[in-house]
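Listing of protein-v9.tsv; format and content: TSV, C-alpha atoms.
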chain	number	residue	atom	x	y	z
A	1	MET	CA	-6.24	54.55	46.44
A	2	LEU	CA	-7.38	52.10	49.13
A	3	ASN	CA	-10.80	52.18	47.56
A	4	GLU	CA	-9.34	51.09	44.28
A	5	ILE	CA	-7.50	48.15	45.82
A	6	VAL	CA	-10.66	46.99	47.58
A	7	LYS	CA	-12.57	47.33	44.33
A	8	LYS	CA	-9.94	45.34	42.45
A	9	LEU	CA	-9.96	42.58	45.07
A	10	PHE	CA	-13.68	42.16	45.45
A	11	GLY	CA	-15.22	43.77	42.41
A	12	ASN	CA	-16.66	41.44	39.81
A	13	LYS	CA	-15.43	43.50	36.93
A	14	LYS	CA	-16.13	41.79	33.61
A	15	SER	CA	-12.92	40.89	31.84
A	16	SER	CA	-12.13	42.86	28.72
A	17	SER	CA	-11.61	39.63	26.76
A	18	ALA	CA	-15.21	38.63	27.43
A	19	THR	CA	-16.35	41.99	26.09
A	20	ALA	CA	-14.10	41.49	23.06
A	21	LYS	CA	-15.56	38.06	22.35
A	22	ASN	CA	-19.11	39.34	22.54
A	23	ARG	CA	-18.42	42.32	20.32
A	24	LEU	CA	-16.67	40.10	17.80
A	25	LYS	CA	-19.56	37.66	17.63
A	26	PHE	CA	-21.96	40.46	16.76
A	27	ALA	CA	-19.54	42.16	14.38
A	28	LEU	CA	-19.07	38.94	12.41
A	29	ILE	CA	-22.82	38.38	12.16
A	30	TYR	CA	-23.34	41.94	10.90
A	31	ASP	CA	-20.45	41.59	8.44
A	32	LYS	CA	-22.12	38.58	6.89
A	33	LEU	CA	-25.46	40.35	6.61
A	34	GLU	CA	-23.97	43.11	4.55
A	35	ILE	CA	-25.29	42.89	1.02
A	36	SER	CA	-23.81	44.68	-1.94
A	37	ASP	CA	-25.85	47.32	-3.79
A	38	GLU	CA	-25.78	45.24	-6.92
A	39	ILE	CA	-27.39	42.24	-5.23
A	40	LEU	CA	-29.99	44.53	-3.67
A	41	LYS	CA	-30.78	46.04	-7.05
A	42	ASN	CA	-31.17	42.64	-8.68
A	43	LEU	CA	-33.37	41.49	-5.81
A	44	GLN	CA	-35.57	44.55	-6.19
A	45	HIS	CA	-35.86	43.93	-9.91
A	46	ASP	CA	-36.94	40.32	-9.37
A	47	ILE	CA	-39.43	41.18	-6.65
A	48	VAL	CA	-41.03	43.86	-8.83
A	49	GLU	CA	-41.35	41.38	-11.63
A	50	VAL	CA	-43.11	38.81	-9.49
A	51	ILE	CA	-45.47	41.28	-7.86
A	52	SER	CA	-46.27	42.89	-11.21
A	53	ARG	CA	-47.70	39.59	-12.37
A	54	TYR	CA	-50.48	39.95	-9.84
A	55	PHE	CA	-50.78	43.67	-9.09
A	56	GLU	CA	-50.48	47.00	-10.79
A	57	ILE	CA	-47.82	48.72	-8.73
A	58	ASP	CA	-46.16	52.10	-8.78
A	59	ARG	CA	-42.63	51.19	-9.79
A	60	ASP	CA	-41.23	54.59	-8.91
A	61	SER	CA	-42.18	54.63	-5.27
A	62	LEU	CA	-40.66	51.32	-4.32
A	63	GLU	CA	-38.56	50.95	-1.24
A	64	LEU	CA	-36.38	47.99	-0.36
A	65	ASN	CA	-34.60	48.05	2.97
A	66	ILE	CA	-32.72	45.85	5.33
A	67	ASN	CA	-33.47	46.75	8.91
A	68	LYS	CA	-31.01	45.53	11.48
A	69	SER	CA	-31.66	45.47	15.17
A	70	LYS	CA	-29.56	44.03	17.94
A	71	ASP	CA	-30.34	40.38	17.34
A	72	SER	CA	-32.27	40.13	14.12
A	73	SER	CA	-32.51	41.61	10.68
A	74	ALA	CA	-35.50	42.03	8.39
A	75	LEU	CA	-35.92	42.64	4.71
A	76	THR	CA	-38.76	45.10	4.08
A	77	PHE	CA	-40.30	45.98	0.78
A	78	ASN	CA	-42.77	48.82	0.51
A	79	THR	CA	-44.90	49.50	-2.51
A	80	PRO	CA	-48.30	51.10	-3.01
A	81	ILE	CA	-50.63	48.76	-4.86
A	82	LEU	CA	-52.65	50.51	-7.52
A	83	SER	CA	-54.94	47.64	-8.38
A	84	ALA	CA	-55.10	43.91	-8.60
A	85	LYS	CA	-54.65	42.42	-12.01
A	86	LYS	CA	-57.49	40.45	-13.39
A	87	ARG	CA	-56.24	36.96	-13.90
A	88	LYS	CA	-57.04	35.40	-17.16
A	89	THR	CA	-59.08	32.29	-16.78
A	90	SER	CA	-58.31	29.77	-19.38
B	91	MET	CA	6.00	12.46	-5.39
B	92	GLU	CA	4.45	15.82	-6.10
B	93	GLY	CA	4.89	18.59	-3.53
B	94	LYS	CA	2.27	20.59	-1.71
B	95	ILE	CA	1.59	24.32	-1.69
B	96	PHE	CA	0.50	26.10	1.47
B	97	VAL	CA	-0.56	29.73	1.51
B	98	ILE	CA	-0.01	31.70	4.72
B	99	THR	CA	-2.52	34.49	4.94
B	100	SER	CA	-4.27	36.79	7.40
B	101	GLY	CA	-6.15	39.63	5.75
B	102	LYS	CA	-4.76	42.14	8.22
B	103	GLY	CA	-1.19	43.28	7.90
B	104	GLY	CA	1.47	43.02	10.57
B	105	VAL	CA	0.20	39.94	12.37
B	106	GLY	CA	3.13	37.67	11.53
B	107	LYS	CA	2.67	36.14	8.07
B	108	THR	CA	6.27	36.71	7.02
B	109	THR	CA	7.72	35.50	10.32
B	110	ALA	CA	5.52	32.41	10.16
B	111	THR	CA	6.48	31.69	6.55
B	112	SER	CA	10.23	31.95	7.16
B	113	SER	CA	10.11	30.05	10.46
B	114	ILE	CA	7.92	27.18	9.29
B	115	GLY	CA	9.90	26.98	6.05
B	116	ALA	CA	13.21	26.81	7.92
B	117	ALA	CA	11.88	24.20	10.34
B	118	LEU	CA	10.61	21.98	7.52
B	119	ALA	CA	13.93	22.26	5.68
B	120	MET	CA	15.80	21.35	8.86
B	121	ALA	CA	13.56	18.29	9.07
B	122	GLY	CA	14.87	17.22	5.66
B	123	LYS	CA	12.21	18.55	3.30
B	124	ARG	CA	13.07	20.42	0.14
B	125	VAL	CA	11.32	23.72	0.78
B	126	ALA	CA	10.62	26.87	-1.22
B	127	VAL	CA	9.30	29.99	0.49
B	128	VAL	CA	7.73	32.39	-1.99
B	129	ASP	CA	7.21	36.10	-1.36
B	130	MET	CA	3.90	36.98	-3.01
B	131	ASP	CA	3.91	40.58	-1.82
B	132	ILE	CA	4.82	42.07	-5.20
B	133	GLY	CA	5.99	45.65	-4.74
B	134	LEU	CA	6.46	45.38	-0.97
B	135	ARG	CA	8.81	42.46	-0.54
B	136	ASN	CA	10.02	41.60	2.95
B	137	LEU	CA	10.55	37.89	3.25
B	138	ASP	CA	14.08	38.41	1.87
B	139	VAL	CA	15.19	40.82	4.64
B	140	VAL	CA	13.56	38.80	7.38
B	141	MET	CA	15.53	35.77	6.15
B	142	GLY	CA	18.73	37.76	5.65
B	143	LEU	CA	18.93	36.98	1.93
B	144	GLU	CA	18.29	40.49	0.57
B	145	ASN	CA	21.84	40.86	-0.80
B	146	ARG	CA	21.58	37.80	-2.97
B	147	ILE	CA	18.60	38.67	-5.12
B	148	VAL	CA	19.26	38.64	-8.86
B	149	PHE	CA	15.98	37.43	-10.34
B	150	ASN	CA	12.52	37.39	-8.81
B	151	ILE	CA	9.15	35.70	-9.21
B	152	VAL	CA	7.95	38.15	-11.85
B	153	ASP	CA	11.02	37.32	-13.97
B	154	VAL	CA	10.14	33.63	-13.70
B	155	VAL	CA	6.51	34.16	-14.67
B	156	GLN	CA	7.49	36.38	-17.58
B	157	GLY	CA	10.04	33.85	-18.77
B	158	LYS	CA	13.04	36.13	-18.26
B	159	CYS	CA	14.87	33.49	-16.21
B	160	LYS	CA	14.59	29.89	-15.14
B	161	LEU	CA	12.93	28.94	-11.87
B	162	SER	CA	16.26	27.62	-10.59
B	163	GLN	CA	17.89	31.02	-11.26
B	164	ALA	CA	15.37	32.89	-9.12
B	165	ALA	CA	15.42	30.42	-6.22
B	166	ILE	CA	18.01	31.66	-3.71
B	167	LYS	CA	19.58	28.86	-1.70
B	168	ASP	CA	19.89	29.53	2.03
B	169	ARG	CA	23.50	28.73	2.96
B	170	ARG	CA	22.75	28.08	6.64
B	171	ILE	CA	19.93	25.61	6.17
B	172	ASN	CA	20.12	22.85	3.60
B	173	ASN	CA	17.23	22.49	1.19
B	174	LEU	CA	15.73	25.90	1.95
B	175	PHE	CA	15.10	28.22	-1.00
B	176	LEU	CA	13.62	31.70	-1.27
B	177	ILE	CA	11.83	32.98	-4.35
B	178	PRO	CA	11.72	36.74	-3.81
B	179	ALA	CA	9.03	39.16	-4.94
B	180	SER	CA	9.73	41.96	-7.35
B	181	GLN	CA	10.06	45.37	-5.71
B	182	SER	CA	9.31	47.48	-8.78
B	183	ASP	CA	6.14	45.89	-10.19
B	184	ASN	CA	2.68	46.01	-8.70
B	185	LYS	CA	0.32	43.25	-7.75
B	186	ASP	CA	-1.61	43.00	-10.99
B	187	VAL	CA	1.51	42.16	-12.96
B	188	PHE	CA	0.24	38.61	-13.19
B	189	LYS	CA	-2.99	36.68	-13.19
B	190	SER	CA	-4.27	33.64	-11.31
B	191	GLU	CA	-3.55	31.42	-14.34
B	192	ASP	CA	0.12	32.42	-14.21
B	193	MET	CA	0.27	31.33	-10.59
B	194	VAL	CA	-1.43	28.01	-11.28
B	195	ARG	CA	1.16	27.32	-13.96
B	196	LEU	CA	4.05	28.36	-11.70
B	197	GLY	CA	2.58	26.32	-8.86
B	198	LYS	CA	2.74	23.15	-10.96
B	199	ARG	CA	6.43	23.72	-11.68
B	200	LEU	CA	7.16	24.50	-8.04
B	201	LYS	CA	5.52	21.25	-6.96
B	202	GLU	CA	7.75	19.31	-9.32
B	203	GLU	CA	10.86	20.87	-7.79
B	204	PHE	CA	9.99	21.05	-4.09
B	205	ASP	CA	8.35	18.91	-1.41
B	206	ILE	CA	6.74	21.89	0.27
B	207	VAL	CA	6.06	25.39	-1.02
B	208	LEU	CA	5.01	28.17	1.36
B	209	MET	CA	3.40	31.27	-0.15
B	210	ASP	CA	3.70	34.42	1.94
B	211	CYS	CA	0.48	36.22	1.05
B	212	PRO	CA	0.23	40.02	1.02
B	213	ALA	CA	-2.23	41.78	3.34
B	214	GLY	CA	-5.62	42.57	1.87
B	215	ILE	CA	-8.16	40.64	-0.17
B	216	GLU	CA	-7.42	41.99	-3.62
B	217	ARG	CA	-5.40	40.77	-6.59
B	218	GLY	CA	-2.36	39.85	-4.49
B	219	PHE	CA	-4.45	37.59	-2.28
B	220	GLU	CA	-6.13	36.00	-5.30
B	221	ASN	CA	-2.76	35.27	-6.87
B	222	ALA	CA	-1.26	33.81	-3.69
B	223	VAL	CA	-4.28	31.56	-3.17
B	224	ALA	CA	-4.69	30.51	-6.82
B	225	ALA	CA	-2.16	27.69	-6.72
B	226	ALA	CA	-2.55	26.70	-3.06
B	227	ASP	CA	-3.55	23.22	-1.94
B	228	GLU	CA	-3.92	24.20	1.69
B	229	ALA	CA	-4.03	27.38	3.75
B	230	LEU	CA	-2.85	28.57	7.14
B	231	VAL	CA	-4.61	31.63	8.52
B	232	ILE	CA	-2.66	33.57	11.11
B	233	CYS	CA	-4.14	36.08	13.54
B	234	THR	CA	-3.39	37.71	16.87
B	235	PRO	CA	-5.83	37.76	19.82
B	236	GLU	CA	-7.14	41.21	18.93
B	237	VAL	CA	-10.59	42.07	17.65
B	238	SER	CA	-9.39	43.69	14.42
B	239	SER	CA	-7.19	40.74	13.52
B	240	VAL	CA	-9.85	38.14	14.35
B	241	ARG	CA	-12.45	39.94	12.29
B	242	ASP	CA	-10.18	40.09	9.25
B	243	ALA	CA	-9.29	36.42	9.73
B	244	ASP	CA	-13.01	35.61	9.57
B	245	ARG	CA	-13.29	37.38	6.23
B	246	ILE	CA	-10.27	35.52	4.86
B	247	ILE	CA	-11.59	32.17	6.10
B	248	GLY	CA	-14.85	32.85	4.24
B	249	LEU	CA	-12.95	33.64	1.03
B	250	LEU	CA	-10.88	30.46	1.38
B	251	TYR	CA	-14.00	28.35	1.93
B	252	ALA	CA	-15.43	29.83	-1.26
B	253	ARG	CA	-12.39	28.32	-3.00
B	254	SER	CA	-12.98	24.93	-1.35
B	255	ILE	CA	-9.97	25.32	0.96
B	256	THR	CA	-10.43	24.50	4.65
B	257	PRO	CA	-7.77	26.55	6.45
B	258	LYS	CA	-6.16	25.95	9.82
B	259	LEU	CA	-5.41	28.68	12.34
B	260	ILE	CA	-2.18	29.89	13.92
B	261	LEU	CA	-2.84	32.18	16.88
B	262	ASN	CA	0.19	34.44	17.16
B	263	ARG	CA	1.60	36.89	19.67
B	264	ILE	CA	-0.18	35.48	22.70
B	265	ASN	CA	0.54	37.28	25.98
B	266	PRO	CA	0.01	34.55	28.61
B	267	ALA	CA	-0.17	36.98	31.55
B	268	MET	CA	-2.85	39.09	29.89
B	269	THR	CA	-4.73	35.96	28.84
B	270	ALA	CA	-4.67	34.66	32.43
B	271	ASN	CA	-6.02	38.02	33.62
B	272	GLY	CA	-8.89	37.91	31.17
B	273	ASP	CA	-7.51	40.89	29.29
B	274	MET	CA	-6.75	38.99	26.11
B	275	LEU	CA	-8.90	36.65	24.04
B	276	ASN	CA	-7.72	33.09	24.69
B	277	HIS	CA	-7.36	30.48	21.98
B	278	GLU	CA	-10.72	28.92	22.81
B	279	ASP	CA	-12.45	32.28	22.40
B	280	VAL	CA	-10.84	32.75	19.01
B	281	THR	CA	-11.48	29.24	17.64
B	282	ASP	CA	-15.03	29.48	18.97
B	283	VAL	CA	-15.72	32.77	17.18
B	284	LEU	CA	-14.03	31.65	13.95
B	285	SER	CA	-15.13	27.96	14.00
B	286	ILE	CA	-11.77	26.81	12.72
B	287	GLU	CA	-9.28	24.09	13.55
B	288	LEU	CA	-6.15	25.20	15.37
B	289	ILE	CA	-2.67	24.19	14.22
B	290	GLY	CA	-0.56	26.12	16.69
B	291	LEU	CA	-0.30	28.73	19.43
B	292	VAL	CA	2.63	31.14	19.36
B	293	GLU	CA	3.62	33.29	22.30
B	294	ALA	CA	4.68	36.92	21.85
B	295	ASP	CA	8.48	36.78	21.79
B	296	ASP	CA	11.08	39.57	21.57
B	297	ASN	CA	13.33	37.10	19.74
B	298	VAL	CA	11.15	37.59	16.65
B	299	ILE	CA	12.43	41.18	16.39
B	300	VAL	CA	16.00	40.18	17.27
B	301	ALA	CA	15.96	37.45	14.62
B	302	SER	CA	14.68	39.85	11.96
B	303	ASN	CA	17.29	42.44	13.01
B	304	LEU	CA	19.97	39.85	12.41
B	305	GLY	CA	18.37	38.30	9.34
B	306	LYS	CA	18.63	34.97	11.08
B	307	PRO	CA	15.94	32.29	11.06
B	308	LEU	CA	13.98	32.42	14.31
B	309	VAL	CA	14.11	28.64	14.63
B	310	MET	CA	17.92	28.85	14.87
B	311	ILE	CA	17.76	31.03	17.97
B	312	ASN	CA	17.99	28.83	21.04
B	313	ASP	CA	15.26	29.15	23.65
B	314	SER	CA	12.98	31.19	21.43
B	315	LYS	CA	9.49	30.24	22.56
B	316	ALA	CA	7.98	31.47	19.29
B	317	GLY	CA	10.65	29.59	17.32
B	318	GLN	CA	9.86	26.36	19.16
B	319	ALA	CA	6.14	26.88	18.56
B	320	PHE	CA	6.76	27.34	14.82
B	321	ILE	CA	8.88	24.17	14.77
B	322	ARG	CA	5.96	22.25	16.29
B	323	ILE	CA	3.59	23.76	13.69
B	324	ALA	CA	5.97	22.65	10.94
B	325	MET	CA	6.04	19.12	12.36
B	326	ARG	CA	2.24	19.01	12.42
B	327	LEU	CA	2.16	20.14	8.79
B	328	ASP	CA	4.65	17.39	8.01
B	329	GLY	CA	2.23	14.70	9.13
B	330	HIS	CA	2.99	14.57	12.85
B	331	GLU	CA	-0.50	15.69	13.75
B	332	ASP	CA	-0.29	13.97	17.11
B	333	ILE	CA	2.10	16.58	18.54
B	334	PRO	CA	0.00	18.23	21.25
B	335	ILE	CA	-0.75	21.95	21.01
B	336	GLN	CA	0.91	23.67	23.96
B	337	VAL	CA	-0.87	26.60	25.54
B	338	PRO	CA	1.63	29.38	26.41
B	339	LYS	CA	1.83	29.87	30.17
B	340	SER	CA	3.89	32.16	32.35
B	341	GLY	CA	4.73	31.48	35.99
B	342	SER	CA	2.17	30.81	38.70
B	343	THR	CA	-1.25	32.08	37.77
B	344	PHE	CA	-2.49	32.28	41.36
B	345	TRP	CA	0.12	34.69	42.71
B	346	ARG	CA	0.18	36.71	39.54
B	347	ASN	CA	-3.58	37.12	39.65
B	348	ILE	CA	-3.45	38.38	43.21
B	349	GLY	CA	-0.51	40.59	42.30
B	350	SER	CA	-2.24	42.15	39.33
B	351	LYS	CA	-5.45	42.65	41.26
B	352	LEU	CA	-3.40	44.59	43.78
B	353	GLY	CA	-2.03	46.66	40.98
B	354	PHE	CA	1.47	45.15	40.76
B	355	LYS	CA	2.49	44.50	37.22

The structure in this file should be written as structure tokens.
Amino acid sequence: MLNEIVKKLFGNKKSSSATAKNRLKFALIYDKLEISDEILKNLQHDIVEVISRYFEIDRDSLELNINKSKDSSALTFNTPILSAKKRKTS
Amino acid sequence: MEGKIFVITSGKGGVGKTTATSSIGAALAMAGKRVAVVDMDIGLRNLDVVMGLENRIVFNIVDVVQGKCKLSQAAIKDRRINNLFLIPASQSDNKDVFKSEDMVRLGKRLKEEFDIVLMDCPAGIERGFENAVAAADEALVICTPEVSSVRDADRIIGLLYARSITPKLILNRINPAMTANGDMLNHEDVTDVLSIELIGLVEADDNVIVASNLGKPLVMINDSKAGQAFIRIAMRLDGHEDIPIQVPKSGSTFWRNIGSKLGFK
């Protein structure tokens, strides 16, 4: 009991509102990073099209991901390249 | 002169949209404006009971849109406050009974009849929200200092921006003692997180429940801190933007801080 009072008087306990503000800031950033499946599908389609102009790729083993970590997010696209396309010289 | 339509919205339910709509509407009418408050929560109407006008409903907004009655027949005149009218929602239809175009058309007629129209938006971001926002010139977003409410407000603000509306924020149900203790987000925290302009701070007030029990406008209850705050918000909406925003305070912070640290509530 006495311990608790001493702790309350001298302890530098972080206020719960500060925690709330921090959590909110991150939550709002994550919320805005959320992308719908449809957009992701369209993006994948467009990327495949562009890459296919230069490389033969295996369209079935494509992988498009959004990796989120604490303070950043990355779009990764994995595809095995079968061969480079010979560019026509004109 | 043509009137103006404000939508009062929040995303999350139960944060005070209906109370804000009725209070700001009553305050503006008391200041001499011709005001219509419109319940856009089709299927779950509540603005009528909060205002104490539930016994006088004959026609509703759906009847107006469907041409079953005239606008003037659906607008219920408040007998206590001059120039205040309620257009109730329908209780039997659901929210997709009309489309955005219907609301734009109705909005034009409302602006011919009234100086100020306040739309009480339903919770959520679906059809009901779309309809309430469709005819709006300006928007007030209301939230409480809680994480869930602030997050939903952020979503709503984004949706309003997408419609080229720059909303202003009402922070509702502030507990000054908890704020002073650091156990509640203060208004600076909230405006910082949401990057939005503030239009008023409203303290948590038991009178809100008493007023709704009685079906009496909050602004008519003397000494209601929330009522006074809503009156000031109404004045700011009415062009008196210079009225300073008062931060709710309770008693001496110093002694209360020491008291609460010692465990006295």

Query raised in the report: Got a sec to pull out which chain B residues are within 7 Å of chain A, counting all atoms listed in the file, and send them as a list in words?
Result: Val237, Arg241, Gly272, Asp273, Met274, Leu275, Asp279, Val283, Lys351 and Leu352 of chain B

**Report entry** For CA of Gly290 in chain B and CA of Gln318 in chain B, the interatomic separation in Å (one decimal)
**Finding:**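 Rounded to one decimal, the two atoms are 10.7 Å apart.
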
**Report entry** Neighbour list for Asp328 in chain B as an NGL selection string, cut-off 12 Å, all atoms listed in the file, skip fewer than 5 positions in-chain
**Finding:** :B and (93-94 or 96 or 114-115 or 117-125 or 205-206 or 289 or 321-323 or 333)

Requested in this report: Could you jot down the CA of Met141 in chain B to CA of Lys258 in chain B separation for me, Å, one decimal place?
Outcome: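 CA of Met141 in chain B sits 24.1 Å away from CA of Lys258 in chain B.
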
Requested in this report: One decimal, Å: what's the distance from CA of Ile335 in chain B over to CA of Thr109 in chain B, could you say?
Outcome: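 Calculated distance between CA of Ile335 in chain B and CA of Thr109 in chain B is 19.2 Å.
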
Query raised in the report: What residues have an atom no more than 12 Å from (11.2, 22.1, -5.0) in the file's own frame, counting all atoms listed in the file, and can you write them as number ranges by chain?
Result: B: 91-95, 119, 123-128, 161-162, 165-167, 173-177, 196-208

Query raised in the report: Residues at most 10 Å from Arg253 in chain B, counting all atoms listed in the file, excluding those fewer than 5 positions away in the same chain, as a VMD selection string?
Result: chain B and resid 223 to 224 226 247 to 248

How would the residues just picked look written out with C-alpha atoms as an mmCIF file, in the frame of the given file?
data_model
loop_
_atom_site.group_PDB
_atom_site.id
_atom_site.type_symbol
_atom_site.label_atom_id
_atom_site.label_comp_id
_atom_site.auth_asym_id
_atom_site.auth_seq_id
_atom_site.Cartn_x
_atom_site.Cartn_y
_atom_site.Cartn_z
ATOM 1 C CA VAL B 223 -4.280 31.560 -3.170
ATOM 2 C CA ALA B 224 -4.690 30.510 -6.820
ATOM 3 C CA ALA B 226 -2.550 26.700 -3.060
ATOM 4 C CA ILE B 247 -11.590 32.170 6.100
ATOM 5 C CA GLY B 248 -14.850 32.850 4.240
#

Would you mind putting N, CA and C atoms back on range 21-48 of chain A and writing the result as a compact mmCIF listing (two decimals), in the frame of the given file?
# COMPACT_ATOMS: atom_id res chain seq x y z
N LYS A 21 -14.95 39.22 23.00
CA LYS A 21 -15.56 38.06 22.35
C LYS A 21 -17.00 38.36 21.93
N ASN A 22 -17.73 38.99 22.85
CA ASN A 22 -19.11 39.34 22.54
C ASN A 22 -19.21 40.29 21.36
N ARG A 23 -18.38 41.33 21.39
CA ARG A 23 -18.42 42.32 20.32
C ARG A 23 -18.07 41.67 18.99
N LEU A 24 -17.07 40.78 19.03
CA LEU A 24 -16.67 40.10 17.80
C LEU A 24 -17.79 39.27 17.23
N LYS A 25 -18.47 38.52 18.10
CA LYS A 25 -19.56 37.66 17.63
C LYS A 25 -20.58 38.48 16.86
N PHE A 26 -20.97 39.62 17.43
CA PHE A 26 -21.96 40.46 16.76
C PHE A 26 -21.40 41.07 15.48
N ALA A 27 -20.15 41.52 15.56
CA ALA A 27 -19.54 42.16 14.38
C ALA A 27 -19.52 41.18 13.21
N LEU A 28 -19.17 39.93 13.50
CA LEU A 28 -19.07 38.94 12.41
C LEU A 28 -20.44 38.63 11.81
N ILE A 29 -21.46 38.61 12.67
CA ILE A 29 -22.82 38.38 12.16
C ILE A 29 -23.22 39.54 11.25
N TYR A 30 -22.99 40.77 11.71
CA TYR A 30 -23.34 41.94 10.90
C TYR A 30 -22.58 41.94 9.58
N ASP A 31 -21.28 41.60 9.66
CA ASP A 31 -20.45 41.59 8.44
C ASP A 31 -21.06 40.69 7.39
N LYS A 32 -21.59 39.54 7.85
CA LYS A 32 -22.12 38.58 6.89
C LYS A 32 -23.48 39.00 6.36
N LEU A 33 -24.15 39.89 7.07
CA LEU A 33 -25.46 40.35 6.61
C LEU A 33 -25.35 41.45 5.57
N GLU A 34 -24.15 42.01 5.48
CA GLU A 34 -23.97 43.11 4.55
C GLU A 34 -24.15 42.62 3.12
N ILE A 35 -25.01 43.32 2.39
CA ILE A 35 -25.29 42.89 1.02
C ILE A 35 -24.89 44.01 0.06
N SER A 36 -24.28 43.65 -1.01
CA SER A 36 -23.81 44.68 -1.94
C SER A 36 -24.99 45.33 -2.66
N ASP A 37 -24.80 46.57 -3.11
CA ASP A 37 -25.85 47.32 -3.79
C ASP A 37 -26.35 46.60 -5.03
N GLU A 38 -25.41 45.92 -5.69
CA GLU A 38 -25.78 45.24 -6.92
C GLU A 38 -26.79 44.11 -6.64
N ILE A 39 -26.49 43.33 -5.59
CA ILE A 39 -27.39 42.24 -5.23
C ILE A 39 -28.77 42.80 -4.87
N LEU A 40 -28.74 43.90 -4.10
CA LEU A 40 -29.99 44.53 -3.67
C LEU A 40 -30.81 44.99 -4.88
N LYS A 41 -30.12 45.55 -5.85
CA LYS A 41 -30.78 46.04 -7.05
C LYS A 41 -31.41 44.89 -7.84
N ASN A 42 -30.64 43.81 -7.98
CA ASN A 42 -31.17 42.64 -8.68
C ASN A 42 -32.37 42.05 -7.96
N LEU A 43 -32.27 42.02 -6.62
CA LEU A 43 -33.37 41.49 -5.81
C LEU A 43 -34.62 42.32 -6.04
N GLN A 44 -34.44 43.64 -5.99
CA GLN A 44 -35.57 44.55 -6.19
C GLN A 44 -36.21 44.31 -7.56
N HIS A 45 -35.38 44.17 -8.56
CA HIS A 45 -35.86 43.93 -9.91
C HIS A 45 -36.73 42.66 -9.98
N ASP A 46 -36.20 41.59 -9.34
CA ASP A 46 -36.94 40.32 -9.37
C ASP A 46 -38.25 40.40 -8.60
N ILE A 47 -38.20 41.07 -7.44
CA ILE A 47 -39.43 41.18 -6.65
C ILE A 47 -40.50 41.95 -7.43
N VAL A 48 -40.09 43.05 -8.05
CA VAL A 48 -41.03 43.86 -8.83
C VAL A 48 -41.67 43.02 -9.92
